[in-house]
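Engineer: What follows is a single structure, and I will ask about it in a moment.
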Amino acid sequence: MSTFSSTQPQAAITAVGHFLPERRLTNPDLEQMVETSDEWIQSRTGIKERRILDDDGKATAYMATQAAQELIDTHDIDPATIDLIIVATVTPDMLFPATACLVQDQIGASSAWGFDLSAACSGFLFALTNGASFIESGRAERVLVIGADTMSSITDYTDRSTCILFGDAAGAVLLEPSDTYGLQDTVHHADGAHADLLKLPAGGSRRPASHETVDAGDHYLKQDGRPVFRHAVTGMSDVCTDIMERNDLSGSDVDYLVPHQANQRIIDATANRMGLSSDKVMMNIDRYGNTTAATVPLCLYDWQHELRPGHNLVLTTFGGGLTWGASYLTWAYDGSEYAD
Ligand code: COA
């Protein structure tokens, strides 16, 4: 639990960037690959298509770099002034070095240090809180927080229960000190008792890569969808109402809900509990599917042109771990200046 103290600077989002691969994987495409239907996928998840990064040596660091570079270019940031880079991902290019180091080199952030953060679909929210702590404590002035995942690299395209869900993308935000706006409050949770519900079984130190792990398909993500769905509905709804109560926010005080995009039905249930109409809910799952750590910054990018200083945003995520949380922030700049 962390509540903003008035003696600290606030950590405000002052720039946003994104990257989406060109190639689209549509529901009709998936109908050719597994036994499923466009109607089933849309009605159960809200997804129509996802983006897939072409397999020509490009991976998560490439997408994270593109998102960061767009942010740098459109907001005229000198990369040498960035102090810290945090990349939230479960699909790093390699287990080490950190993806953040590859991005640091590619964007020319010559003064920055960095690390990766692993919290599955909650990764971006947890990274945002981490980055904000460095700003609030005065240890950093400019922190780049990136959510990036190449989910196609760990998706089994013969498993219809998972391959319809995920896509590839990256989103980036810049955090800077502000006297007026920024991250106000966070409520984050983890429950490792349910770690088995959503995991990548092999490739770590417990079961290093071997012929046996490859033959078993254990380098692909596994999900027990039904219990994860139940936990997600309860977890996201509870944490959002919790953060609203702690900050005396009613539904009419919240300008936008920025939810992790795993399933439209989970988002609808959360918005309903918060008393929000659909026009206040950022939703792009139909176009990109679940891009894991990238969903929240992708939403911020897509809605940037609507955002104005002082808008109240509630960000919320749920994912493997289990991990979940919500953050309340006040938006810091006029996004209409950055419309496409
Ligand atoms: N096409 C057609 N049928 C499918 C299918 C597909 N792609 N995937 C599963 N099915 C079938 C199942 O085999 C099952 O059939 P059965 O009743 O004969 O056994 C039936 O559809 C229902 O499966 P179920 O898993 O209960 O569906 P669901 O309504 O729970 O939807 C998910 C599945 C994955 C969409 C849903 O569980 C979900 O969104 N889970 C949470 C995802 C999430 O939030 N993850 C955390 C963050 S990443």
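Every chain in the structure tokens takes a letter, A first, then B, and so on in the order presented; its residues are numbered from 1, and the ligands are numbered from 1 following the presented order.
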Please identify the residues whose atoms come within 7 Å of ligand 1, using only C-alpha atoms and all ligand atoms, and report them as JSON, numbers by chain.
Structural biologist: {"A": [35, 36, 37, 40, 41, 44, 45, 121, 160, 161, 162, 164, 225, 226, 228, 229, 232, 262, 263, 290, 292, 318, 319, 320]}
Engineer: According to DSSP computed on the backbone, where in range 7-218 of chain A is there strand (DSSP E)? Give the residues as a PyMOL selection string.
Structural biologist: chain A and resi 10-19+23-26+49-52+84-88+113-117+143-150+168-178+182-190+198-199
Engineer: Which residues, written as a list in words, have at least one atom at most 8 Å from Ser133 in chain A, with only C-alpha atoms counted and residues fewer than 4 positions away on the same chain left out?
Structural biologist: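 Final neighbour list, sorted by chain and number: Ala11, Thr129 and Ser137 of chain A.
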Engineer: So which residues of range 136-278 of chain A fall under helix (DSSP H, G or I) by DSSP, listed as JSON, numbers by chain?
Structural biologist: {"A": [136, 151, 152, 153, 154, 160, 161, 162, 163, 192, 193, 194, 195, 196, 197, 211, 212, 213, 214, 215, 225, 226, 227, 228, 229, 230, 231, 232, 233, 234, 235, 236, 237, 238, 239, 240, 241, 242, 243, 244, 245, 246, 251, 252, 253, 264, 265, 266, 267, 268, 269, 270, 271, 272, 273, 274, 278]}
Engineer: Would you pick out the contacts of Leu144 in chain A at 8 Å or less, using only C-alpha atoms, so that residues sharing its chain but fewer than 2 positions from it are not included, and give the list as a list in words?
Structural biologist: Ala68, Ile82, Leu84, Ile85, Ile86, Gly131, Arg142, Ile146, Ala172, Val173, Leu174 and Leu175 of chain A
Engineer: Asp38 in chain A: which residues within 7 Å, counting only C-alpha atoms, same-chain residues fewer than 3 positions away excluded, as a list in words?
Structural biologist: Asn27, Pro28, Ile41 and Gln42 of chain A
Engineer: Env of Val145 in chain A: 12 Å cut, atoms = only C-alpha atoms, seq-sep filter 5 positions within chain, self excluded. Answer as a VMD selection string.
Structural biologist: chain A and resid 11 to 18 64 to 65 67 to 68 71 82 to 89 100 103 to 104 114 to 117 123 to 132 134 170 to 176 293 to 294 296 to 297
Engineer: For Asp76 in chain A, which residue among A:Tyr338, A:Leu307, A:Asn247, A:Ile285 is the nearest when counting only C-alpha atoms?
Structural biologist: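 Closest to Asp76 in chain A of all the choices is A:Tyr338.
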Engineer: Find the spatial neighbours of Lys280 in chain A, counting only C-alpha atoms, within a cut-off of 9 Å - ignore same-chain residues fewer than 6 positions away - and output them as a PDB file with C-alpha atoms, in the first residue's frame.
Structural biologist:
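The new file selection21.pdb reads:
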```pdb
ATOM      1  CA  VAL A 254     -13.459   8.788 -12.687  1.00  0.00           C
ATOM      2  CA  ASP A 255     -12.836  10.089 -16.209  1.00  0.00           C
ATOM      3  CA  TYR A 256     -11.386   6.834 -17.555  1.00  0.00           C
ATOM      4  CA  LEU A 257     -10.870   3.241 -16.499  1.00  0.00           C
ATOM      5  CA  VAL A 258      -7.719   1.832 -18.125  1.00  0.00           C
ATOM      6  CA  ALA A 271     -16.737  -1.192 -15.016  1.00  0.00           C
TER       7      ALA A 271
END
```
Engineer: Which residue gives the smallest distance to Ser250 in chain A among A:Gly235, A:Gly192, A:Gly275, A:Pro227, with only C-alpha atoms counted?
Structural biologist: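 Comparing A:Gly235, A:Gly192, A:Gly275, A:Pro227 against Ser250 in chain A, the winner is A:Gly275.
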Engineer: Given only C-alpha atoms as the basis, pick out the residue of A:Gly167, A:Pro79, A:Pro92, A:Gly182 nearest to Gln8 in chain A.
Structural biologist: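 Between A:Gly167, A:Pro79, A:Pro92, A:Gly182, the residue approaching Gln8 in chain A most closely is A:Gly182.
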Engineer: For a test of reading the model, state the distance in Å between CA of Leu20 in chain A and CA of Ala169 in chain A, rounded to one decimal.
Structural biologist: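 Pair CA of Leu20 in chain A / CA of Ala169 in chain A returns 5.0 Å.
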Engineer: Which residue out of A:Leu298, A:Ile267, A:Ala59, A:Leu322 has the minimum interatomic distance to Ser153 in chain A when only C-alpha atoms are used?
Structural biologist: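 With only C-alpha atoms as the atom set, the closest residue is A:Ala59.
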Engineer: Distance CA of Ile52 in chain A-CA of Met33 in chain A, one decimal place?
Structural biologist: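 We find that CA of Ile52 in chain A and CA of Met33 in chain A lie 15.0 Å from each other.
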Engineer: Could you check the closest approach to Gly203 in chain A for each of A:Thr270, A:Gln32, A:Thr91, A:Ser122 and tell me which residue wins, using only C-alpha atoms?
Structural biologist: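 Checking each of A:Thr270, A:Gln32, A:Thr91, A:Ser122 against Gly203 in chain A, counting only C-alpha atoms, the winner is A:Thr91.
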Engineer: Mind pulling up the distance from CA of Ile77 in chain A to CA of Ile107 in chain A?
Structural biologist: 11.0 Å
